[in-house]
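Notes follow the structure.
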Amino acid sequence: MAERGPKGRKPMRRGRTAGRMTDRQLHASLAGKSPDKLASLLVTIAKDDPMVRALLVDACAIETGRFGILAAEARAEIRDLTSIRAWRNSWTGEGEQPDYRGLEARLETLLKHGEADAVIELGRELASRGLVQVEQSHDEGETADALACCLAVVARAVRKSTLSDEDQLFLAIDLWLEDDYGICDAFGPLTEGRWRPSVWSSVADRLSVRLDAPEFDPKRDPDVRYRRGRVGEWVVTALDRAGRHEEATAVSVGEARVVGRFVPAVARLIGLGADEQAAALAEEAFQLGDELGAGDRWELQDLLVALAGMRGDTLVPAALAAARFFASPSVAEYRFLLQAASRTPHLEVVRTAAVAFLESGRRPDSASWPLPAAPGATAGDHSARDRPRLDVLVRLAVEDGRPDDALKWFDRREATLKAAGRERHPFEYGEQALVAKAVEATHPERAIEIHRTLAEVVANQREPKSYPKAGEHLDKVRSLLHGSGRGDEWPSVIGEFRETHKRKRRLVEVLDRLENA
């Protein structure tokens, strides 16, 4: 009698394994079940797998034309997904992020079957909740990107909806205004569409009402002023596109005074040829002092300089260039100043005063200064930080090919640092290398001295990755010694350097390669 296993079942034959069920076998097994049993099986599976449930619900809704069910499922999904706190640790790969692909597919399905209005309603809620989620997220932008894909479907639904042209345009602008994270960028093209002037006019009136709303009181906080400023810009844009240009100008100027954004209004007035009004408004802005941001002050100054240039006034541009040079002296600002001054009769006076300022840190006496006050300049602007800038004089001499002057200012700067008991910062050593290169042909002995100093500086930093740079400086020393007929000094130079730093194995390796090259 054959051996039997537990409960009388025949054991599996040795040497054979049970094969996996094929799709054909699975189909045959399911085909043998009654419709009720199949339905029960699918419902059981759907309870355990949300993705399967979503697929079944969507398929049933589409087949029966009950798109309200599909929209309700999408709304529930929006609330579930936006409640997830999105985060990602880029170092460990850990995190939690919402998967918006299913929602995007549902929105596409609704739009495909003519449910554009439902898509828009869902989009409003998605944008509102999604913006809060993105604001609180801590990932690399994945959540924002996923939301943007979903809202791109909503943007496509706008033109297919039953909304009026005015409501379509207003919706696009409204979502654009609320978005600080780029998730509603797909609505941008809608705001650039060829809408009738009457549509723009209606939208302008609707947006204007917001400027009188209590929540847009600019006295509340800077964030409110920022948000109100964005609304004001759209009011101006809408009025312009409606052909209501005078009203647009009035709103632009009025809102400049309310939210403190004067640049667009001044630029607009200049563009309209209202030069005196533009200058007066800019001056009004300058009177705010520190309340006017440095960037806005800079832009307003540039606008007034451009206005002066259109009038043929060369003194105002030179005056602004001088103010900026004295406030933040550099080679670039010096050259810009001389370029502006060259268009006036006062180039040499300005040049002399600028060089004297770099040498001493003292601004020119107002009695002998030929340029007017710069627009928007304040008394003693940055004067507390005025100091000699010999480093600028050094770089100017190097760039202009004046090696004697480069050495003169370089030596004076070295003496000043020594007298103050201060060593150079690491970022300042680039200046020494520039001087060494500039004087190689005319003063090789000084170039050798500077390169030896720089090699010591690099070696003393004890950073092995920088040691090849010390080798480069020493290689320069060798080349200059041989070039000036002092090649016999090289063994002594490299030997002394090797002895000083013989404990730095990685540096010694660099020296070995240098000598064997």
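Ligands are numbered from 1 in the order shown, chains are lettered A, B, ... in the order of the structure tokens, and residues start at 1 in each chain.
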List every residue of segment 40-174 of chain A that DSSP, applied to the backbone of this structure, assigns to helix (DSSP H, G or I), and report them as a ChimeraX atom specification. /A:40-48,50-64,67-82,101-112,116-136,142-158,165-174
For the interface of segment 293-412 of chain A with segment 263-280 of chain A (cut-off 10 Å, counting only C-alpha atoms), please tabulate each contacting residue of segment 293-412 of chain A alongside its nearest pair of atoms and their separation in Å to one decimal, rows sorted by chain and increasing number, as a Markdown table.
```
| residue | atom | partner | partner_atom | distance |
| --- | --- | --- | --- | --- |
| A:Gly295 | CA | A:Val263 | CA | 9.9 |
| A:Asp296 | CA | A:Val263 | CA | 6.5 |
| A:Arg297 | CA | A:Val263 | CA | 8.6 |
| A:Trp298 | CA | A:Val263 | CA | 9.7 |
| A:Glu299 | CA | A:Val263 | CA | 6.8 |
| A:Leu300 | CA | A:Val263 | CA | 6.0 |
| A:Gln301 | CA | A:Val263 | CA | 9.7 |
| A:Leu303 | CA | A:Ala267 | CA | 6.9 |
| A:Leu304 | CA | A:Ala279 | CA | 6.9 |
| A:Ala306 | CA | A:Ile270 | CA | 9.5 |
| A:Leu307 | CA | A:Ile270 | CA | 7.4 |
| A:Ala308 | CA | A:Asp275 | CA | 9.6 |
| A:Arg311 | CA | A:Asp275 | CA | 9.9 |
| A:Pro375 | CA | A:Ala279 | CA | 9.4 |
```
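Separating atom CA of Thr237 of chain A from atom CA of Ala204 of chain A is a distance of 8.2 Å.
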Would you mind telling me which residue in A:Leu177, A:Leu122, A:His473, A:Asp400 lies nearest to Val331 of chain A when using only C-alpha atoms? A:Asp400
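Computed from the coordinates, the atom CA of Ala373 of chain A to atom CA of Ala340 of chain A distance equals 14.7 Å.
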Val132 of chain A: which residues within 12 Å, counting only C-alpha atoms, same-chain residues fewer than 2 positions away excluded, as an MDAnalysis selection string? chainID A and resid 82:86 125:130 134:137 143:144 147 178:181 183
Write a file of the just-selected residues containing C-alpha atoms, as a PDB file, in the first residue's frame.
```
ATOM      1  CA  THR A  82      -3.164  66.814   1.021  1.00  0.00           C
ATOM      2  CA  SER A  83      -3.346  65.708   4.663  1.00  0.00           C
ATOM      3  CA  ILE A  84      -0.018  63.880   4.295  1.00  0.00           C
ATOM      4  CA  ARG A  85       2.957  65.743   5.736  1.00  0.00           C
ATOM      5  CA  ALA A  86       5.413  65.487   2.863  1.00  0.00           C
ATOM      6  CA  GLU A 125      -9.932  72.700  -3.560  1.00  0.00           C
ATOM      7  CA  LEU A 126      -6.746  70.996  -4.681  1.00  0.00           C
ATOM      8  CA  ALA A 127      -4.960  74.324  -5.149  1.00  0.00           C
ATOM      9  CA  SER A 128      -6.119  75.634  -1.768  1.00  0.00           C
ATOM     10  CA  ARG A 129      -5.131  72.539   0.174  1.00  0.00           C
ATOM     11  CA  GLY A 130      -2.067  71.846  -1.929  1.00  0.00           C
ATOM     12  CA  VAL A 134       3.708  72.558  -0.067  1.00  0.00           C
ATOM     13  CA  GLU A 135       4.302  75.389   2.388  1.00  0.00           C
ATOM     14  CA  GLN A 136       4.687  72.848   5.202  1.00  0.00           C
ATOM     15  CA  SER A 137       6.577  70.214   3.204  1.00  0.00           C
ATOM     16  CA  THR A 143       5.227  67.345  -3.918  1.00  0.00           C
ATOM     17  CA  ALA A 144       5.025  70.693  -5.665  1.00  0.00           C
ATOM     18  CA  LEU A 147       0.561  69.045  -7.660  1.00  0.00           C
ATOM     19  CA  GLU A 178      -2.344  82.730  -4.400  1.00  0.00           C
ATOM     20  CA  ASP A 179       0.576  80.654  -5.644  1.00  0.00           C
ATOM     21  CA  ASP A 180       4.101  81.301  -4.352  1.00  0.00           C
ATOM     22  CA  TYR A 181       5.473  77.876  -5.230  1.00  0.00           C
ATOM     23  CA  ILE A 183       2.164  74.805  -8.688  1.00  0.00           C
TER      24      ILE A 183
END
```
A straight line from atom CA of Thr378 of chain A to atom CA of Phe286 of chain A spans 8.8 Å
Residues at most 9 Å from segment 481-491 of chain A, counting only C-alpha atoms, excluding those fewer than 5 positions away in the same chain, as a PyMOL selection string? chain A and resi 444-445+448+476+496
Pull N, CA and C atoms from the residues just selected and write them as an mmCIF file, in the first residue's frame.
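Saved as selection.cif:
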```cif
data_model
loop_
_atom_site.group_PDB
_atom_site.id
_atom_site.type_symbol
_atom_site.label_atom_id
_atom_site.label_comp_id
_atom_site.auth_asym_id
_atom_site.auth_seq_id
_atom_site.Cartn_x
_atom_site.Cartn_y
_atom_site.Cartn_z
ATOM 1 N N PRO A 444 62.107 90.823 -11.473
ATOM 2 C CA PRO A 444 62.087 89.382 -11.173
ATOM 3 C C PRO A 444 62.460 89.057 -9.738
ATOM 4 N N GLU A 445 63.344 89.868 -9.145
ATOM 5 C CA GLU A 445 63.742 89.582 -7.775
ATOM 6 C C GLU A 445 62.562 89.694 -6.802
ATOM 7 N N ILE A 448 60.260 86.679 -7.360
ATOM 8 C CA ILE A 448 60.812 85.513 -6.669
ATOM 9 C C ILE A 448 60.473 85.568 -5.179
ATOM 10 N N LYS A 476 57.761 78.373 -10.103
ATOM 11 C CA LYS A 476 57.918 79.735 -10.615
ATOM 12 C C LYS A 476 59.249 80.324 -10.153
ATOM 13 N N GLU A 496 66.450 74.483 1.531
ATOM 14 C CA GLU A 496 65.988 75.157 2.737
ATOM 15 C C GLU A 496 64.504 74.900 2.974
#
```
Would you mind listing what lies within 12 Å of segment 468-470 of chain A as a PyMOL selection string, with only C-alpha atoms counted and same-chain residues fewer than 5 positions away left out? chain A and resi 433+451-463+475-477+494+497-498+501+506-514
